[in-house]
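Here's the structure we're looking at; comments come further down.
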Amino acid sequence: MKIIPMPVKRFMSNTKTAEFVENTIYAVSIETALKMVGRPTFIMMDKEADSPEKKKYAAVKEMLYQALCLGLYLSLMKPVKQFFYNIISKGLSKNPENKIHIDHFNRMQDNLHELEEENKLMIKSARDKFHKKELKKEAYDKILKLKESFESRVLKIADSTHSPKYDLRLGKGAKELSAIIGSILMLTIVAPQVSHVLIHPIMNALGFEKKPDKAKH
């Protein structure tokens, strides 16, 4: 008896689903995006503010600040995360037992990404040929069905990760620790400093040449 339906199992086993719910970068990005919307909204709703002009100035500046931080974070976090992961995993791999688990985690990640790219290119190629009438519908449908084969291969790799021979927690932990370190560095040092340099020229370009008052972030 199947307790979990196959579509649900596929969704739960999908690498993108797992990456989204477990990924520190996604969590921080969503939080920053909410701040970009929420903080200016609360500023505009503040009835204690001195004037509408000051509220508008503070709200626009806060929105720009959060937007710049988010943009810098998203554009730079991938290489920053990989940089710290390489350092952490290299340090952990000095222990021969840890190296076995780290190497298996890296191989698993590489295999999953290769399969995803292979499937993506195959489907795109088939879709383009079908739209150009270079591929018959029967052949196109047959190619689309290969997606099921791709999903089963992904599930097979995912199931193999539960082997008692390997412990993926070490690799996952190193990956997320690198994301946490990178996030702290980006959002407390790099992004704020760069944003403060850029924000005033942008505010001037928007017509806020004179600051009504000092706005605190």
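Chain identifiers are assigned as A, B, and so on, following the order in which chains appear in the structure tokens; residues are numbered from 1 within each chain, and ligands are numbered from 1 in order of appearance.
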Region 197-204 of chain A surroundings by only C-alpha atoms, 12 Å radius, close-in-sequence under 5 positions cut, as a ChimeraX atom specification: /A:56-69,72,190-192,209-211,215
Just the residues within 6 Å of region 167-172 of chain A, please, counting only C-alpha atoms, with nothing from its chain fewer than 3 positions along; format it as a PDB file with all heavy atoms, in the first residue's frame.
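So out_33.pdb came out as:
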ATOM      1  N   HIS A 101      32.462  11.145   3.252  1.00  0.00           N
ATOM      2  CA  HIS A 101      31.105  11.677   3.238  1.00  0.00           C
ATOM      3  C   HIS A 101      31.011  12.961   2.408  1.00  0.00           C
ATOM      4  O   HIS A 101      30.031  13.161   1.669  1.00  0.00           O
ATOM      5  CB  HIS A 101      30.637  11.953   4.667  1.00  0.00           C
ATOM      6  CG  HIS A 101      30.661  10.752   5.549  1.00  0.00           C
ATOM      7  ND1 HIS A 101      30.009   9.586   5.222  1.00  0.00           N
ATOM      8  CD2 HIS A 101      31.255  10.523   6.750  1.00  0.00           C
ATOM      9  CE1 HIS A 101      30.189   8.698   6.188  1.00  0.00           C
ATOM     10  NE2 HIS A 101      30.956   9.246   7.119  1.00  0.00           N
ATOM     11  N   ILE A 102      32.012  13.830   2.528  1.00  0.00           N
ATOM     12  CA  ILE A 102      32.024  15.076   1.754  1.00  0.00           C
ATOM     13  C   ILE A 102      32.109  14.782   0.262  1.00  0.00           C
ATOM     14  O   ILE A 102      31.380  15.383  -0.549  1.00  0.00           O
ATOM     15  CB  ILE A 102      33.201  15.979   2.182  1.00  0.00           C
ATOM     16  CG1 ILE A 102      33.003  16.514   3.600  1.00  0.00           C
ATOM     17  CG2 ILE A 102      33.380  17.142   1.204  1.00  0.00           C
ATOM     18  CD1 ILE A 102      31.890  17.533   3.742  1.00  0.00           C
ATOM     19  N   PHE A 105      28.805  13.503  -1.023  1.00  0.00           N
ATOM     20  CA  PHE A 105      27.841  14.605  -1.108  1.00  0.00           C
ATOM     21  C   PHE A 105      28.088  15.439  -2.365  1.00  0.00           C
ATOM     22  O   PHE A 105      27.145  15.785  -3.085  1.00  0.00           O
ATOM     23  CB  PHE A 105      27.947  15.480   0.139  1.00  0.00           C
ATOM     24  CG  PHE A 105      27.063  16.694   0.105  1.00  0.00           C
ATOM     25  CD1 PHE A 105      25.716  16.589   0.400  1.00  0.00           C
ATOM     26  CD2 PHE A 105      27.582  17.941  -0.226  1.00  0.00           C
ATOM     27  CE1 PHE A 105      24.887  17.713   0.363  1.00  0.00           C
ATOM     28  CE2 PHE A 105      26.766  19.058  -0.262  1.00  0.00           C
ATOM     29  CZ  PHE A 105      25.418  18.944   0.031  1.00  0.00           C
ATOM     30  N   LYS A 175      27.445  23.092   3.695  1.00  0.00           N
ATOM     31  CA  LYS A 175      26.859  23.960   2.672  1.00  0.00           C
ATOM     32  C   LYS A 175      26.037  25.081   3.307  1.00  0.00           C
ATOM     33  O   LYS A 175      26.147  26.252   2.922  1.00  0.00           O
ATOM     34  CB  LYS A 175      25.978  23.114   1.754  1.00  0.00           C
ATOM     35  CG  LYS A 175      25.359  23.860   0.602  1.00  0.00           C
ATOM     36  CD  LYS A 175      26.358  24.140  -0.508  1.00  0.00           C
ATOM     37  CE  LYS A 175      26.633  22.918  -1.334  1.00  0.00           C
ATOM     38  NZ  LYS A 175      27.479  23.226  -2.508  1.00  0.00           N
TER      39      LYS A 175
END
If you run DSSP on the backbone, which residues of region 21-193 of chain A are alpha helix (DSSP H), as JSON, numbers by chain? {"A": [21, 22, 24, 25, 26, 27, 28, 29, 30, 31, 32, 33, 34, 35, 36, 37, 38, 39, 40, 41, 42, 43, 44, 45, 52, 53, 54, 55, 56, 57, 58, 59, 60, 61, 62, 63, 64, 65, 66, 67, 68, 69, 70, 71, 72, 73, 74, 75, 76, 77, 78, 79, 80, 81, 82, 83, 84, 85, 86, 87, 88, 89, 90, 91, 92, 96, 97, 98, 99, 100, 101, 102, 103, 104, 105, 106, 107, 108, 109, 110, 111, 112, 113, 114, 115, 116, 117, 118, 119, 120, 121, 122, 123, 124, 125, 126, 127, 128, 129, 130, 131, 137, 138, 139, 140, 141, 142, 143, 144, 145, 146, 147, 148, 149, 150, 151, 152, 153, 154, 155, 156, 157, 158, 159, 160, 169, 170, 171, 172, 173, 174, 175, 176, 177, 178, 179, 180, 181, 182, 183, 184, 185, 191, 192, 193]}
Convert the current residue selection to file output with C-alpha atoms, as a compact mmCIF listing (two decimals), in the first residue's frame.
# COMPACT_ATOMS: atom_id res chain seq x y z
CA VAL A 21 12.72 24.93 1.78
CA GLU A 22 16.19 24.29 3.20
CA THR A 24 19.43 29.85 3.69
CA ILE A 25 19.81 32.14 0.68
CA TYR A 26 16.14 31.78 -0.29
CA ALA A 27 15.02 32.38 3.29
CA VAL A 28 17.13 35.54 3.64
CA SER A 29 16.06 36.77 0.20
CA ILE A 30 12.37 36.40 1.05
CA GLU A 31 12.90 38.17 4.38
CA THR A 32 14.71 41.07 2.69
CA ALA A 33 12.02 41.32 0.01
CA LEU A 34 9.34 41.50 2.69
CA LYS A 35 11.30 44.26 4.44
CA MET A 36 11.53 46.13 1.14
CA VAL A 37 7.72 46.21 1.02
CA GLY A 38 6.80 46.16 4.70
CA ARG A 39 9.05 48.84 6.15
CA PRO A 40 8.12 51.61 3.67
CA THR A 41 4.46 50.68 4.16
CA PHE A 42 4.71 51.06 7.93
CA ILE A 43 6.55 54.36 7.51
CA MET A 44 3.76 55.72 5.32
CA MET A 45 1.16 54.52 7.84
CA PRO A 52 3.94 63.69 4.39
CA GLU A 53 7.17 64.82 2.70
CA LYS A 54 9.33 63.34 5.44
CA LYS A 55 7.33 60.12 5.39
CA LYS A 56 7.70 59.86 1.63
CA TYR A 57 11.43 60.56 1.80
CA ALA A 58 12.00 57.97 4.54
CA ALA A 59 9.82 55.35 2.81
CA VAL A 60 11.52 55.74 -0.57
CA LYS A 61 14.98 55.66 1.00
CA GLU A 62 14.14 52.53 3.00
CA MET A 63 12.72 50.78 -0.06
CA LEU A 64 15.80 51.64 -2.13
CA TYR A 65 18.11 50.54 0.64
CA GLN A 66 16.44 47.14 0.99
CA ALA A 67 16.24 46.73 -2.81
CA LEU A 68 19.94 47.47 -3.25
CA CYS A 69 20.85 45.07 -0.43
CA LEU A 70 18.68 42.36 -1.99
CA GLY A 71 20.16 42.89 -5.45
CA LEU A 72 23.72 42.77 -4.19
CA TYR A 73 22.95 39.76 -2.03
CA LEU A 74 21.40 37.74 -4.85
CA SER A 75 24.11 38.66 -7.36
CA LEU A 76 27.06 37.86 -5.11
CA MET A 77 25.90 35.16 -2.71
CA LYS A 78 26.40 32.17 -5.00
CA PRO A 79 30.17 32.67 -5.43
CA VAL A 80 30.51 33.81 -1.80
CA LYS A 81 28.71 30.69 -0.57
CA GLN A 82 30.86 28.45 -2.79
CA PHE A 83 34.01 30.19 -1.55
CA PHE A 84 33.22 29.48 2.09
CA TYR A 85 32.00 25.96 1.30
CA ASN A 86 35.33 25.15 -0.36
CA ILE A 87 37.18 26.36 2.73
CA ILE A 88 34.94 24.51 5.20
CA SER A 89 34.76 21.26 3.23
CA LYS A 90 38.52 21.30 2.69
CA GLY A 91 39.05 21.68 6.42
CA LEU A 92 36.61 18.86 7.22
CA PRO A 96 39.76 10.70 6.15
CA GLU A 97 36.34 9.58 7.42
CA ASN A 98 34.83 13.01 6.82
CA LYS A 99 36.38 13.12 3.35
CA ILE A 100 34.40 10.03 2.31
CA HIS A 101 31.10 11.68 3.24
CA ILE A 102 32.02 15.08 1.75
CA ASP A 103 33.15 13.51 -1.54
CA HIS A 104 29.93 11.50 -1.79
CA PHE A 105 27.84 14.60 -1.11
CA ASN A 106 29.69 16.52 -3.83
CA ARG A 107 29.26 13.66 -6.32
CA MET A 108 25.55 13.46 -5.55
CA GLN A 109 25.12 17.21 -6.10
CA ASP A 110 27.04 17.05 -9.39
CA ASN A 111 24.97 14.09 -10.62
CA LEU A 112 21.69 15.79 -9.80
CA HIS A 113 22.68 19.03 -11.52
CA GLU A 114 23.88 17.12 -14.60
CA LEU A 115 20.61 15.20 -14.81
CA GLU A 116 18.57 18.38 -14.44
CA GLU A 117 20.55 20.13 -17.19
CA GLU A 118 20.34 17.06 -19.44
CA ASN A 119 16.57 16.86 -19.02
CA LYS A 120 16.12 20.62 -19.49
CA LEU A 121 18.10 20.66 -22.74
CA MET A 122 16.33 17.56 -24.07
CA ILE A 123 12.86 18.99 -23.46
CA LYS A 124 13.80 22.42 -24.87
CA SER A 125 15.26 20.87 -28.01
CA ALA A 126 12.18 18.71 -28.52
CA ARG A 127 9.82 21.65 -27.96
CA ASP A 128 11.71 23.83 -30.46
CA LYS A 129 11.68 21.12 -33.12
CA PHE A 130 7.99 20.45 -32.51
CA HIS A 131 7.08 24.13 -32.94
CA LYS A 137 3.60 14.93 -32.26
CA GLU A 138 4.00 11.22 -31.54
CA ALA A 139 7.76 11.59 -31.26
CA TYR A 140 7.36 14.74 -29.16
CA ASP A 141 5.02 12.98 -26.74
CA LYS A 142 7.47 10.10 -26.49
CA ILE A 143 10.25 12.50 -25.52
CA LEU A 144 8.05 14.16 -22.92
CA LYS A 145 7.43 10.76 -21.37
CA LEU A 146 11.19 10.42 -20.87
CA LYS A 147 10.74 13.04 -18.18
CA GLU A 148 9.33 10.26 -16.03
CA SER A 149 12.55 8.35 -16.56
CA PHE A 150 14.50 11.43 -15.49
CA GLU A 151 12.39 11.77 -12.34
CA SER A 152 12.90 8.11 -11.48
CA ARG A 153 16.66 8.53 -11.87
CA VAL A 154 16.55 11.52 -9.54
CA LEU A 155 14.55 9.48 -7.02
CA LYS A 156 17.09 6.68 -7.32
CA ILE A 157 19.94 9.05 -6.51
CA ALA A 158 17.94 10.56 -3.66
CA ASP A 159 17.19 7.10 -2.25
CA SER A 160 20.86 6.14 -2.45
CA ARG A 169 24.45 15.66 7.01
CA LEU A 170 28.10 16.68 7.03
CA GLY A 171 27.99 18.00 3.47
CA LYS A 172 24.60 19.65 3.93
CA GLY A 173 25.76 21.21 7.18
CA ALA A 174 28.91 22.57 5.56
CA LYS A 175 26.86 23.96 2.67
CA GLU A 176 24.37 25.75 4.92
CA LEU A 177 27.07 26.97 7.30
CA SER A 178 28.81 28.57 4.33
CA ALA A 179 25.50 30.22 3.35
CA ILE A 180 24.98 31.54 6.88
CA ILE A 181 28.52 32.95 7.08
CA GLY A 182 28.16 34.48 3.61
CA SER A 183 24.75 35.96 4.47
CA ILE A 184 26.08 37.59 7.63
CA LEU A 185 29.04 39.02 5.74
CA ALA A 191 25.63 45.24 1.00
CA PRO A 192 25.03 48.08 3.53
CA GLN A 193 28.29 49.82 2.67
Between CA of Glu48 (chain A) and CA of Ala205 (chain A), what is the distance in Å, rounded to a tenth? 27.9 Å
